[in-house]
file model39.pdb (PDB, C-alpha atoms)
ATOM      1  CA  MET A   9      10.824   9.159  -5.679  1.00  0.00           C
ATOM      2  CA  ALA A  10      13.549   8.413  -3.167  1.00  0.00           C
ATOM      3  CA  ARG A  11      15.779   5.422  -3.862  1.00  0.00           C
ATOM      4  CA  ARG A  12      17.484   3.930  -0.806  1.00  0.00           C
ATOM      5  CA  ALA A  13      19.620   0.830  -0.270  1.00  0.00           C
ATOM      6  CA  ASP A  14      19.014   0.407   3.474  1.00  0.00           C
ATOM      7  CA  GLY A  15      16.106  -1.574   4.892  1.00  0.00           C
ATOM      8  CA  GLU A  16      14.720  -4.919   3.805  1.00  0.00           C
ATOM      9  CA  ARG A  17      13.518  -5.211   0.192  1.00  0.00           C
ATOM     10  CA  ARG A  18      10.428  -7.298  -0.486  1.00  0.00           C
ATOM     11  CA  PRO A  19       9.064  -7.709  -4.021  1.00  0.00           C
ATOM     12  CA  LEU A  20       5.329  -6.931  -4.104  1.00  0.00           C
ATOM     13  CA  TYR A  21       4.391  -7.147  -7.775  1.00  0.00           C
ATOM     14  CA  ASP A  22       6.285  -8.572 -10.745  1.00  0.00           C
ATOM     15  CA  SER A  23       6.022  -7.456 -14.372  1.00  0.00           C
ATOM     16  CA  ASP A  24       2.919  -9.580 -15.047  1.00  0.00           C
ATOM     17  CA  ARG A  25       1.052  -8.124 -12.070  1.00  0.00           C
ATOM     18  CA  MET A  26       2.145  -4.622 -13.090  1.00  0.00           C
ATOM     19  CA  ALA A  27       0.725  -5.207 -16.577  1.00  0.00           C
ATOM     20  CA  ASP A  28      -2.551  -6.243 -14.897  1.00  0.00           C
ATOM     21  CA  GLY A  29      -2.384  -3.077 -12.795  1.00  0.00           C
ATOM     22  CA  ILE A  30      -1.865  -0.860 -15.845  1.00  0.00           C
ATOM     23  CA  GLU A  31      -4.882  -2.515 -17.494  1.00  0.00           C
ATOM     24  CA  ALA A  32      -6.938  -1.921 -14.322  1.00  0.00           C
ATOM     25  CA  ILE A  33      -6.011   1.764 -14.366  1.00  0.00           C
ATOM     26  CA  ALA A  34      -6.948   2.020 -18.052  1.00  0.00           C
ATOM     27  CA  ARG A  35     -10.353   0.449 -17.367  1.00  0.00           C
ATOM     28  CA  GLY A  36     -10.898   2.793 -14.421  1.00  0.00           C
ATOM     29  CA  VAL A  37      -9.768   5.901 -16.288  1.00  0.00           C
ATOM     30  CA  ALA A  38     -11.799   5.282 -19.473  1.00  0.00           C
ATOM     31  CA  PRO A  39     -15.129   6.334 -17.878  1.00  0.00           C
ATOM     32  CA  LEU A  40     -13.464   9.420 -16.370  1.00  0.00           C
ATOM     33  CA  VAL A  41     -12.594  10.690 -19.856  1.00  0.00           C
ATOM     34  CA  ALA A  42     -16.166  10.295 -21.127  1.00  0.00           C
ATOM     35  CA  PRO A  43     -16.670  14.075 -21.394  1.00  0.00           C
ATOM     36  CA  LYS A  44     -15.675  15.182 -24.887  1.00  0.00           C
ATOM     37  CA  ASN A  45     -13.241  17.764 -23.497  1.00  0.00           C
ATOM     38  CA  SER A  46     -10.909  15.432 -21.543  1.00  0.00           C
ATOM     39  CA  ALA A  47      -7.180  14.788 -21.352  1.00  0.00           C
ATOM     40  CA  LEU A  48      -4.672  12.455 -19.745  1.00  0.00           C
ATOM     41  CA  VAL A  49      -1.636  14.018 -18.025  1.00  0.00           C
ATOM     42  CA  GLY A  50       1.418  12.233 -16.628  1.00  0.00           C
ATOM     43  CA  VAL A  51       3.449  13.645 -13.736  1.00  0.00           C
ATOM     44  CA  ARG A  52       7.186  13.509 -14.464  1.00  0.00           C
ATOM     45  CA  THR A  53       8.936  11.036 -14.252  1.00  0.00           C
ATOM     46  CA  ARG A  54       7.288   7.701 -13.535  1.00  0.00           C
ATOM     47  CA  GLY A  55       3.743   9.064 -13.727  1.00  0.00           C
ATOM     48  CA  LEU A  56       4.514  10.189 -17.257  1.00  0.00           C
ATOM     49  CA  THR A  57       5.881   6.750 -18.159  1.00  0.00           C
ATOM     50  CA  ILE A  58       2.705   5.119 -16.823  1.00  0.00           C
ATOM     51  CA  ALA A  59       0.513   7.666 -18.655  1.00  0.00           C
ATOM     52  CA  ARG A  60       2.322   6.896 -21.911  1.00  0.00           C
ATOM     53  CA  ARG A  61       1.648   3.189 -21.398  1.00  0.00           C
ATOM     54  CA  LEU A  62      -2.010   3.882 -20.613  1.00  0.00           C
ATOM     55  CA  HIS A  63      -2.709   6.352 -23.390  1.00  0.00           C
ATOM     56  CA  GLN A  64      -3.415   4.012 -26.312  1.00  0.00           C
ATOM     57  CA  ARG A  65      -5.428   1.568 -24.190  1.00  0.00           C
ATOM     58  CA  VAL A  66      -7.586   4.326 -22.667  1.00  0.00           C
ATOM     59  CA  GLN A  67      -8.285   5.663 -26.170  1.00  0.00           C
ATOM     60  CA  GLU A  68      -9.346   2.171 -27.284  1.00  0.00           C
ATOM     61  CA  LEU A  69     -11.649   1.755 -24.276  1.00  0.00           C
ATOM     62  CA  ALA A  70     -13.073   5.283 -24.583  1.00  0.00           C
ATOM     63  CA  GLY A  71     -13.518   4.931 -28.347  1.00  0.00           C
ATOM     64  CA  ARG A  72     -11.912   8.264 -29.209  1.00  0.00           C
ATOM     65  CA  GLN A  73      -8.694  10.255 -29.418  1.00  0.00           C
ATOM     66  CA  LEU A  74      -7.438  11.774 -26.185  1.00  0.00           C
ATOM     67  CA  PRO A  75      -4.666  14.359 -25.696  1.00  0.00           C
ATOM     68  CA  LEU A  76      -1.696  13.324 -23.551  1.00  0.00           C
ATOM     69  CA  GLY A  77       0.090  15.994 -21.541  1.00  0.00           C
ATOM     70  CA  ILE A  78       3.264  16.204 -19.478  1.00  0.00           C
ATOM     71  CA  LEU A  79       3.263  17.910 -16.091  1.00  0.00           C
ATOM     72  CA  ASP A  80       6.389  18.946 -14.227  1.00  0.00           C
ATOM     73  CA  ILE A  81       5.496  19.933 -10.664  1.00  0.00           C
ATOM     74  CA  THR A  82       8.962  20.867  -9.392  1.00  0.00           C
ATOM     75  CA  LEU A  83       8.200  24.562  -8.883  1.00  0.00           C
ATOM     76  CA  TYR A  84       4.897  23.756  -7.138  1.00  0.00           C
ATOM     77  CA  ARG A  85       6.370  21.439  -4.484  1.00  0.00           C
ATOM     78  CA  ASP A  86       6.167  22.603  -0.872  1.00  0.00           C
ATOM     79  CA  ASP A  87       9.641  21.128  -0.219  1.00  0.00           C
ATOM     80  CA  LEU A  88      11.364  22.988  -3.062  1.00  0.00           C
ATOM     81  CA  SER A  89      13.942  24.511  -0.697  1.00  0.00           C
ATOM     82  CA  THR A  90      15.110  21.013   0.334  1.00  0.00           C
ATOM     83  CA  LEU A  91      15.845  19.896  -3.239  1.00  0.00           C
ATOM     84  CA  GLY A  92      19.164  21.719  -3.412  1.00  0.00           C
ATOM     85  CA  PRO A  93      20.351  25.050  -4.784  1.00  0.00           C
ATOM     86  CA  GLN A  94      19.318  24.335  -8.384  1.00  0.00           C
ATOM     87  CA  PRO A  95      16.521  21.764  -8.563  1.00  0.00           C
ATOM     88  CA  LYS A  96      16.086  20.109 -11.949  1.00  0.00           C
ATOM     89  CA  VAL A  97      13.007  21.586 -13.593  1.00  0.00           C
ATOM     90  CA  GLY A  98      11.527  19.883 -16.633  1.00  0.00           C
ATOM     91  CA  MET A  99       9.026  21.219 -19.119  1.00  0.00           C
ATOM     92  CA  SER A 100       5.309  20.842 -18.824  1.00  0.00           C
ATOM     93  CA  HIS A 101       3.560  20.324 -22.136  1.00  0.00           C
ATOM     94  CA  LEU A 102      -0.234  20.453 -22.259  1.00  0.00           C
ATOM     95  CA  PRO A 103      -1.339  20.210 -25.918  1.00  0.00           C
ATOM     96  CA  PHE A 104      -4.917  21.165 -25.067  1.00  0.00           C
ATOM     97  CA  ASP A 105      -6.829  24.031 -23.490  1.00  0.00           C
ATOM     98  CA  VAL A 106      -7.041  23.367 -19.734  1.00  0.00           C
ATOM     99  CA  ASP A 107     -10.061  25.680 -19.348  1.00  0.00           C
ATOM    100  CA  GLY A 108     -13.205  23.576 -19.038  1.00  0.00           C
ATOM    101  CA  CYS A 109     -11.303  20.321 -19.524  1.00  0.00           C
ATOM    102  CA  THR A 110     -11.612  17.160 -17.419  1.00  0.00           C
ATOM    103  CA  VAL A 111      -7.987  16.306 -16.662  1.00  0.00           C
ATOM    104  CA  VAL A 112      -6.960  12.884 -15.388  1.00  0.00           C
ATOM    105  CA  VAL A 113      -3.577  13.117 -13.674  1.00  0.00           C
ATOM    106  CA  ILE A 114      -1.519   9.906 -13.603  1.00  0.00           C
ATOM    107  CA  ASP A 115       1.230   9.204 -11.063  1.00  0.00           C
ATOM    108  CA  ASP A 116       3.050   6.171  -9.717  1.00  0.00           C
ATOM    109  CA  VAL A 117       2.510   6.340  -5.929  1.00  0.00           C
ATOM    110  CA  LEU A 118       0.014   8.241  -3.777  1.00  0.00           C
ATOM    111  CA  PHE A 119       1.412   8.732  -0.281  1.00  0.00           C
ATOM    112  CA  THR A 120       0.961  12.000   1.653  1.00  0.00           C
ATOM    113  CA  GLY A 121      -0.940  13.757  -1.134  1.00  0.00           C
ATOM    114  CA  ARG A 122       1.672  16.475  -1.523  1.00  0.00           C
ATOM    115  CA  THR A 123       2.550  15.559  -5.112  1.00  0.00           C
ATOM    116  CA  ALA A 124      -1.147  15.452  -6.031  1.00  0.00           C
ATOM    117  CA  ARG A 125      -1.638  18.885  -4.438  1.00  0.00           C
ATOM    118  CA  ALA A 126       1.330  20.239  -6.398  1.00  0.00           C
ATOM    119  CA  SER A 127      -0.179  18.734  -9.567  1.00  0.00           C
ATOM    120  CA  ILE A 128      -3.431  20.565  -8.928  1.00  0.00           C
ATOM    121  CA  ASP A 129      -1.557  23.855  -8.428  1.00  0.00           C
ATOM    122  CA  ALA A 130       0.463  23.296 -11.611  1.00  0.00           C
ATOM    123  CA  LEU A 131      -2.661  22.559 -13.675  1.00  0.00           C
ATOM    124  CA  ILE A 132      -4.479  25.596 -12.334  1.00  0.00           C
ATOM    125  CA  ALA A 133      -1.532  27.753 -13.418  1.00  0.00           C
ATOM    126  CA  PHE A 134      -2.453  26.742 -16.995  1.00  0.00           C
ATOM    127  CA  GLY A 135      -6.187  27.420 -16.688  1.00  0.00           C
ATOM    128  CA  ARG A 136      -9.372  26.368 -14.966  1.00  0.00           C
ATOM    129  CA  PRO A 137     -10.220  22.697 -15.562  1.00  0.00           C
ATOM    130  CA  SER A 138     -13.820  21.571 -15.118  1.00  0.00           C
ATOM    131  CA  ALA A 139     -12.550  18.595 -13.077  1.00  0.00           C
ATOM    132  CA  ILE A 140      -9.259  17.041 -12.005  1.00  0.00           C
ATOM    133  CA  ARG A 141      -9.170  13.288 -11.396  1.00  0.00           C
ATOM    134  CA  LEU A 142      -6.285  11.147 -10.126  1.00  0.00           C
ATOM    135  CA  GLY A 143      -5.125   7.702 -11.227  1.00  0.00           C
ATOM    136  CA  VAL A 144      -2.206   5.960  -9.521  1.00  0.00           C
ATOM    137  CA  LEU A 145      -0.427   2.641  -9.695  1.00  0.00           C
ATOM    138  CA  VAL A 146      -0.056   2.327  -5.895  1.00  0.00           C
ATOM    139  CA  ASP A 147      -1.990   3.937  -3.044  1.00  0.00           C
ATOM    140  CA  ARG A 148       0.010   3.444   0.144  1.00  0.00           C
ATOM    141  CA  GLY A 149      -1.949   5.597   2.612  1.00  0.00           C
ATOM    142  CA  HIS A 150      -0.615   8.114   5.180  1.00  0.00           C
ATOM    143  CA  ARG A 151      -2.321  11.222   3.743  1.00  0.00           C
ATOM    144  CA  GLU A 152      -1.413  14.663   4.989  1.00  0.00           C
ATOM    145  CA  TYR A 153      -3.929  16.319   2.654  1.00  0.00           C
ATOM    146  CA  PRO A 154      -7.574  15.348   1.997  1.00  0.00           C
ATOM    147  CA  ILE A 155      -6.767  13.792  -1.378  1.00  0.00           C
ATOM    148  CA  HIS A 156      -7.791  10.406  -2.767  1.00  0.00           C
ATOM    149  CA  ALA A 157      -7.190   8.485  -5.961  1.00  0.00           C
ATOM    150  CA  ASP A 158     -10.172   8.050  -8.258  1.00  0.00           C
ATOM    151  CA  VAL A 159      -8.409   4.961  -9.641  1.00  0.00           C
ATOM    152  CA  ALA A 160      -5.660   2.920  -7.947  1.00  0.00           C
ATOM    153  CA  ALA A 161      -4.354  -0.376  -9.316  1.00  0.00           C
ATOM    154  CA  PHE A 162      -2.929  -1.509  -5.977  1.00  0.00           C
ATOM    155  CA  THR A 163      -3.486  -0.516  -2.362  1.00  0.00           C
ATOM    156  CA  VAL A 164      -0.590  -1.421  -0.089  1.00  0.00           C
ATOM    157  CA  MET A 165      -0.661  -0.957   3.666  1.00  0.00           C
ATOM    158  CA  THR A 166       2.689   0.437   4.782  1.00  0.00           C
ATOM    159  CA  GLU A 167       4.378   1.901   7.784  1.00  0.00           C
ATOM    160  CA  ARG A 168       5.110   5.577   7.365  1.00  0.00           C
ATOM    161  CA  ARG A 169       8.872   5.008   7.125  1.00  0.00           C
ATOM    162  CA  ASP A 170       8.577   2.271   4.503  1.00  0.00           C
ATOM    163  CA  ILE A 171       9.241   3.049   0.849  1.00  0.00           C
ATOM    164  CA  ILE A 172       7.333   1.822  -2.185  1.00  0.00           C
ATOM    165  CA  GLU A 173       9.746   1.581  -5.098  1.00  0.00           C
ATOM    166  CA  VAL A 174       8.164   1.474  -8.549  1.00  0.00           C
ATOM    167  CA  ASN A 175      10.494   0.273 -11.274  1.00  0.00           C
ATOM    168  CA  LEU A 176       9.538   0.740 -14.923  1.00  0.00           C
ATOM    169  CA  ARG A 177      11.517  -0.773 -17.773  1.00  0.00           C
ATOM    170  CA  GLU A 178      11.685   2.584 -19.590  1.00  0.00           C
ATOM    171  CA  ASN A 179      13.269   4.278 -16.550  1.00  0.00           C
ATOM    172  CA  ASP A 180      14.857   1.462 -14.556  1.00  0.00           C
ATOM    173  CA  GLY A 181      15.364  -1.452 -16.939  1.00  0.00           C
ATOM    174  CA  ARG A 182      12.702  -3.681 -15.346  1.00  0.00           C
ATOM    175  CA  ASP A 183       9.069  -3.675 -14.256  1.00  0.00           C
ATOM    176  CA  GLY A 184       8.286  -4.376 -10.638  1.00  0.00           C
ATOM    177  CA  ILE A 185       7.108  -2.880  -7.384  1.00  0.00           C
ATOM    178  CA  ASP A 186       9.104  -3.441  -4.203  1.00  0.00           C
ATOM    179  CA  LEU A 187       8.497  -2.569  -0.571  1.00  0.00           C
ATOM    180  CA  LEU A 188      11.509  -1.361   1.393  1.00  0.00           C
ATOM    181  CA  THR A 189      10.675  -1.897   5.062  1.00  0.00           C
ATOM    182  CA  GLY A 190      12.453  -0.210   7.906  1.00  0.00           C
ATOM    183  CA  ALA A 191      14.146   2.240   5.555  1.00  0.00           C
ATOM    184  CA  ALA A 192      15.721   5.236   7.230  1.00  0.00           C
ATOM    185  CA  GLY A 193      13.975   8.545   6.721  1.00  0.00           C
ATOM    186  CA  GLU A 194      10.883   9.201   4.640  1.00  0.00           C
ATOM    187  CA  SER A 195      10.458   8.822   0.923  1.00  0.00           C
ATOM    188  CA  ALA A 196       9.297  11.612  -1.304  1.00  0.00           C
ATOM    189  CA  ASP A 197       5.614  11.525  -2.156  1.00  0.00           C
ATOM    190  CA  GLY A 198       5.253   9.838  -5.495  1.00  0.00           C
TER     191      GLY A 198
END

call {"tool": "encode", "arguments": {"input": "model39.pdb", "output": "structure tokens"}}
result
Amino acid sequence: MARRADGERRPLYDSDRMADGIEAIARGVAPLVAPKNSALVGVRTRGLTIARRLHQRVQELAGRQLPLGILDITLYRDDLSTLGPQPKVGMSHLPFDVDGCTVVVIDDVLFTGRTARASIDALIAFGRPSAIRLGVLVDRGHREYPIHADVAAFTVMTERRDIIEVNLRENDGRDGIDLLTGAAGESADG
């Protein structure tokens, strides 16, 4: 996710509202993991943090254990050449058999759909899931691909050049979601 200082910053959701949003995602995801062969997967970096927060609560709501995986999509991005000469590639770790599995991918922001598409490609490289579902904290519109979130805690109408900045205490020292309006350039799809 791009972090920029220019533009006007407007807080959208504080830590209490984010906690409510995480609970809403958990309640929406629990029915999606009803099939016995299901897993939760977080997209590095903030999607993984959100997935880790969700994991225990989804297990409680679903009434069973659920594997939690880590997905790094760096090599599946369609803008890989713009990330610099040596983009930072993390490890994916899927402690389950992807074949025949219902996989719920968790990310922070759904924007153009490019990150979700890269997530699908990355998962398919590991096997053939029976279904791939998507849960996000914020859906901000402006799709370039025909992709939708099965579960979204918040829907925020934005201008294309705006930026949604998700801050998580584990990554950023605080919880909160801000809107940067009039920011120069476009943010990365989150």

call {"tool": "residues_near_point", "arguments": {"input": "model39.pdb", "point": "(6.1, -3.1, -14.9)", "cutoff": "10 Å", "atoms": "all atoms listed in the file", "output": "MDAnalysis selection string"}}
result
chainID A and resid 21:30 58 174:178 180:185

call {"tool": "closest_residue", "arguments": {"input": "model39.pdb", "among": "A:Ile171, A:Leu131, A:Ala139, A:Leu76", "to": "Val117 of chain A", "atoms": "all atoms listed in the file"}}
result
A:Ile171

call {"tool": "residues_near_point", "arguments": {"input": "model39.pdb", "point": "(-8.5, 17.8, -19.0)", "cutoff": "10 Å", "atoms": "all atoms listed in the file", "output": "ChimeraX atom specification"}}
result
/A:41,43-49,74-77,102,104-113,131,136-141

call {"tool": "write_last_selection", "arguments": {"input": "model39.pdb", "atoms": "C-alpha atoms", "output": "PDB file, in the frame of the given file"}}
result
ATOM      1  CA  VAL A  41     -12.594  10.690 -19.856  1.00  0.00           C
ATOM      2  CA  PRO A  43     -16.670  14.075 -21.394  1.00  0.00           C
ATOM      3  CA  LYS A  44     -15.675  15.182 -24.887  1.00  0.00           C
ATOM      4  CA  ASN A  45     -13.241  17.764 -23.497  1.00  0.00           C
ATOM      5  CA  SER A  46     -10.909  15.432 -21.543  1.00  0.00           C
ATOM      6  CA  ALA A  47      -7.180  14.788 -21.352  1.00  0.00           C
ATOM      7  CA  LEU A  48      -4.672  12.455 -19.745  1.00  0.00           C
ATOM      8  CA  VAL A  49      -1.636  14.018 -18.025  1.00  0.00           C
ATOM      9  CA  LEU A  74      -7.438  11.774 -26.185  1.00  0.00           C
ATOM     10  CA  PRO A  75      -4.666  14.359 -25.696  1.00  0.00           C
ATOM     11  CA  LEU A  76      -1.696  13.324 -23.551  1.00  0.00           C
ATOM     12  CA  GLY A  77       0.090  15.994 -21.541  1.00  0.00           C
ATOM     13  CA  LEU A 102      -0.234  20.453 -22.259  1.00  0.00           C
ATOM     14  CA  PHE A 104      -4.917  21.165 -25.067  1.00  0.00           C
ATOM     15  CA  ASP A 105      -6.829  24.031 -23.490  1.00  0.00           C
ATOM     16  CA  VAL A 106      -7.041  23.367 -19.734  1.00  0.00           C
ATOM     17  CA  ASP A 107     -10.061  25.680 -19.348  1.00  0.00           C
ATOM     18  CA  GLY A 108     -13.205  23.576 -19.038  1.00  0.00           C
ATOM     19  CA  CYS A 109     -11.303  20.321 -19.524  1.00  0.00           C
ATOM     20  CA  THR A 110     -11.612  17.160 -17.419  1.00  0.00           C
ATOM     21  CA  VAL A 111      -7.987  16.306 -16.662  1.00  0.00           C
ATOM     22  CA  VAL A 112      -6.960  12.884 -15.388  1.00  0.00           C
ATOM     23  CA  VAL A 113      -3.577  13.117 -13.674  1.00  0.00           C
ATOM     24  CA  LEU A 131      -2.661  22.559 -13.675  1.00  0.00           C
ATOM     25  CA  ARG A 136      -9.372  26.368 -14.966  1.00  0.00           C
ATOM     26  CA  PRO A 137     -10.220  22.697 -15.562  1.00  0.00           C
ATOM     27  CA  SER A 138     -13.820  21.571 -15.118  1.00  0.00           C
ATOM     28  CA  ALA A 139     -12.550  18.595 -13.077  1.00  0.00           C
ATOM     29  CA  ILE A 140      -9.259  17.041 -12.005  1.00  0.00           C
ATOM     30  CA  ARG A 141      -9.170  13.288 -11.396  1.00  0.00           C
TER      31      ARG A 141
END

call {"tool": "atom_distance", "arguments": {"input": "model39.pdb", "atom1": "atom CA of Gly55 of chain A", "atom2": "atom CA of Gly135 of chain A"}}
result
21.1 Å

call {"tool": "residues_around", "arguments": {"input": "model39.pdb", "residues": "Arg17 of chain A", "least_positions_apart": "2", "cutoff": "8 Å", "atoms": "only C-alpha atoms", "output": "list in words"}}
result
Gly15, Pro19, Asp186, Leu187, Leu188 and Thr189 of chain A

call {"tool": "write_last_selection", "arguments": {"input": "model39.pdb", "atoms": "C-alpha atoms", "output": "mmCIF file, keeping the file's coordinate frame"}}
result
data_model
loop_
_atom_site.group_PDB
_atom_site.id
_atom_site.type_symbol
_atom_site.label_atom_id
_atom_site.label_comp_id
_atom_site.auth_asym_id
_atom_site.auth_seq_id
_atom_site.Cartn_x
_atom_site.Cartn_y
_atom_site.Cartn_z
ATOM 1 C CA GLY A 15 16.106 -1.574 4.892
ATOM 2 C CA PRO A 19 9.064 -7.709 -4.021
ATOM 3 C CA ASP A 186 9.104 -3.441 -4.203
ATOM 4 C CA LEU A 187 8.497 -2.569 -0.571
ATOM 5 C CA LEU A 188 11.509 -1.361 1.393
ATOM 6 C CA THR A 189 10.675 -1.897 5.062
#

call {"tool": "closest_residue", "arguments": {"input": "model39.pdb", "among": "A:Val37, A:Ile81, A:Leu56, A:Leu118", "to": "Thr166 of chain A", "atoms": "all atoms listed in the file"}}
result
A:Leu118

call {"tool": "closest_residue", "arguments": {"input": "model39.pdb", "among": "A:Val146, A:Leu83, A:Ala34, A:Ala124", "to": "Val51 of chain A", "atoms": "all atoms listed in the file"}}
result
A:Ala124

call {"tool": "closest_residue", "arguments": {"input": "model39.pdb", "among": "A:Thr53, A:Thr163, A:Thr120, A:Gln73", "to": "Ser100 of chain A", "atoms": "all atoms listed in the file"}}
result
A:Thr53

call {"tool": "resolve_selection", "arguments": {"input": "model39.pdb", "expression": "the PyMOL selection byres ((chain A and resi 69) around 8)", "output": "list of chain:residue names"}}
result
A:Ala34, A:Arg35, A:Ala38, A:Arg65, A:Val66, A:Gln67, A:Glu68, A:Ala70, A:Gly71

call {"tool": "atom_distance", "arguments": {"input": "model39.pdb", "atom1": "atom CA of Arg52 of chain A", "atom2": "atom CA of Ile78 of chain A"}}
result
6.9 Å

call {"tool": "atom_distance", "arguments": {"input": "model39.pdb", "atom1": "atom CA of Ile114 of chain A", "atom2": "atom CA of Leu142 of chain A"}}
result
6.0 Å

call {"tool": "closest_residue", "arguments": {"input": "model39.pdb", "among": "A:Ile128, A:Pro39, A:Arg54, A:Tyr84", "to": "Glu173 of chain A", "atoms": "only C-alpha atoms"}}
result
A:Arg54

call {"tool": "axis_aligned_box", "arguments": {"input": "model39.pdb", "around": "segment 134-145 of chain A", "padding_each_side": "4 Å", "output": "JSON"}}
result
{"center_x": -7.1, "center_y": 15.0, "center_z": -13.3, "size_x": 21.4, "size_y": 32.8, "size_z": 15.5}

call {"tool": "decode", "arguments": {"input": "model39.pdb", "residues": "segment 65-72 of chain A", "atoms": "all heavy atoms", "output": "PDB file, in the first residue's frame"}}
result
ATOM      1  N   ARG A  65     -11.377 -15.813  16.072  1.00  0.00           N
ATOM      2  CA  ARG A  65     -12.813 -15.502  16.121  1.00  0.00           C
ATOM      3  C   ARG A  65     -13.590 -16.297  15.079  1.00  0.00           C
ATOM      4  O   ARG A  65     -14.680 -16.802  15.371  1.00  0.00           O
ATOM      5  CB  ARG A  65     -13.020 -13.993  15.924  1.00  0.00           C
ATOM      6  CG  ARG A  65     -14.465 -13.579  16.027  1.00  0.00           C
ATOM      7  CD  ARG A  65     -15.011 -13.815  17.427  1.00  0.00           C
ATOM      8  NE  ARG A  65     -16.377 -13.329  17.513  1.00  0.00           N
ATOM      9  CZ  ARG A  65     -17.365 -13.995  18.090  1.00  0.00           C
ATOM     10  NH1 ARG A  65     -17.144 -15.151  18.689  1.00  0.00           N
ATOM     11  NH2 ARG A  65     -18.570 -13.498  18.103  1.00  0.00           N
ATOM     12  N   VAL A  66     -13.048 -16.453  13.884  1.00  0.00           N
ATOM     13  CA  VAL A  66     -13.721 -17.249  12.849  1.00  0.00           C
ATOM     14  C   VAL A  66     -13.825 -18.707  13.298  1.00  0.00           C
ATOM     15  O   VAL A  66     -14.869 -19.347  13.121  1.00  0.00           O
ATOM     16  CB  VAL A  66     -13.006 -17.130  11.485  1.00  0.00           C
ATOM     17  CG1 VAL A  66     -13.574 -18.124  10.475  1.00  0.00           C
ATOM     18  CG2 VAL A  66     -13.121 -15.704  10.941  1.00  0.00           C
ATOM     19  N   GLN A  67     -12.778 -19.226  13.918  1.00  0.00           N
ATOM     20  CA  GLN A  67     -12.828 -20.601  14.432  1.00  0.00           C
ATOM     21  C   GLN A  67     -13.924 -20.746  15.483  1.00  0.00           C
ATOM     22  O   GLN A  67     -14.657 -21.734  15.484  1.00  0.00           O
ATOM     23  CB  GLN A  67     -11.479 -21.010  15.025  1.00  0.00           C
ATOM     24  CG  GLN A  67     -10.404 -21.220  13.987  1.00  0.00           C
ATOM     25  CD  GLN A  67      -9.105 -21.704  14.582  1.00  0.00           C
ATOM     26  OE1 GLN A  67      -8.613 -22.736  14.162  1.00  0.00           O
ATOM     27  NE2 GLN A  67      -8.539 -21.003  15.543  1.00  0.00           N
ATOM     28  N   GLU A  68     -14.041 -19.764  16.381  1.00  0.00           N
ATOM     29  CA  GLU A  68     -15.095 -19.799  17.396  1.00  0.00           C
ATOM     30  C   GLU A  68     -16.480 -19.802  16.746  1.00  0.00           C
ATOM     31  O   GLU A  68     -17.343 -20.598  17.119  1.00  0.00           O
ATOM     32  CB  GLU A  68     -14.985 -18.587  18.330  1.00  0.00           C
ATOM     33  CG  GLU A  68     -13.800 -18.604  19.248  1.00  0.00           C
ATOM     34  CD  GLU A  68     -13.568 -17.269  19.945  1.00  0.00           C
ATOM     35  OE1 GLU A  68     -14.396 -16.336  19.800  1.00  0.00           O
ATOM     36  OE2 GLU A  68     -12.543 -17.151  20.643  1.00  0.00           O
ATOM     37  N   LEU A  69     -16.679 -18.925  15.771  1.00  0.00           N
ATOM     38  CA  LEU A  69     -17.981 -18.820  15.105  1.00  0.00           C
ATOM     39  C   LEU A  69     -18.295 -20.057  14.268  1.00  0.00           C
ATOM     40  O   LEU A  69     -19.450 -20.482  14.192  1.00  0.00           O
ATOM     41  CB  LEU A  69     -18.038 -17.562  14.235  1.00  0.00           C
ATOM     42  CG  LEU A  69     -18.025 -16.232  14.990  1.00  0.00           C
ATOM     43  CD1 LEU A  69     -17.769 -15.075  14.032  1.00  0.00           C
ATOM     44  CD2 LEU A  69     -19.335 -16.030  15.744  1.00  0.00           C
ATOM     45  N   ALA A  70     -17.263 -20.619  13.628  1.00  0.00           N
ATOM     46  CA  ALA A  70     -17.455 -21.803  12.782  1.00  0.00           C
ATOM     47  C   ALA A  70     -17.519 -23.082  13.608  1.00  0.00           C
ATOM     48  O   ALA A  70     -17.977 -24.120  13.119  1.00  0.00           O
ATOM     49  CB  ALA A  70     -16.334 -21.900  11.750  1.00  0.00           C
ATOM     50  N   GLY A  71     -17.036 -23.032  14.845  1.00  0.00           N
ATOM     51  CA  GLY A  71     -17.076 -24.203  15.713  1.00  0.00           C
ATOM     52  C   GLY A  71     -16.087 -25.281  15.350  1.00  0.00           C
ATOM     53  O   GLY A  71     -16.320 -26.457  15.614  1.00  0.00           O
ATOM     54  N   ARG A  72     -14.957 -24.891  14.737  1.00  0.00           N
ATOM     55  CA  ARG A  72     -13.937 -25.886  14.391  1.00  0.00           C
ATOM     56  C   ARG A  72     -12.607 -25.213  14.103  1.00  0.00           C
ATOM     57  O   ARG A  72     -12.530 -24.004  13.937  1.00  0.00           O
ATOM     58  CB  ARG A  72     -14.371 -26.711  13.195  1.00  0.00           C
ATOM     59  CG  ARG A  72     -14.539 -25.927  11.926  1.00  0.00           C
ATOM     60  CD  ARG A  72     -15.084 -26.817  10.814  1.00  0.00           C
ATOM     61  NE  ARG A  72     -15.022 -26.163   9.542  1.00  0.00           N
ATOM     62  CZ  ARG A  72     -13.929 -26.045   8.793  1.00  0.00           C
ATOM     63  NH1 ARG A  72     -12.789 -26.538   9.192  1.00  0.00           N
ATOM     64  NH2 ARG A  72     -13.975 -25.433   7.638  1.00  0.00           N
TER      65      ARG A  72
END
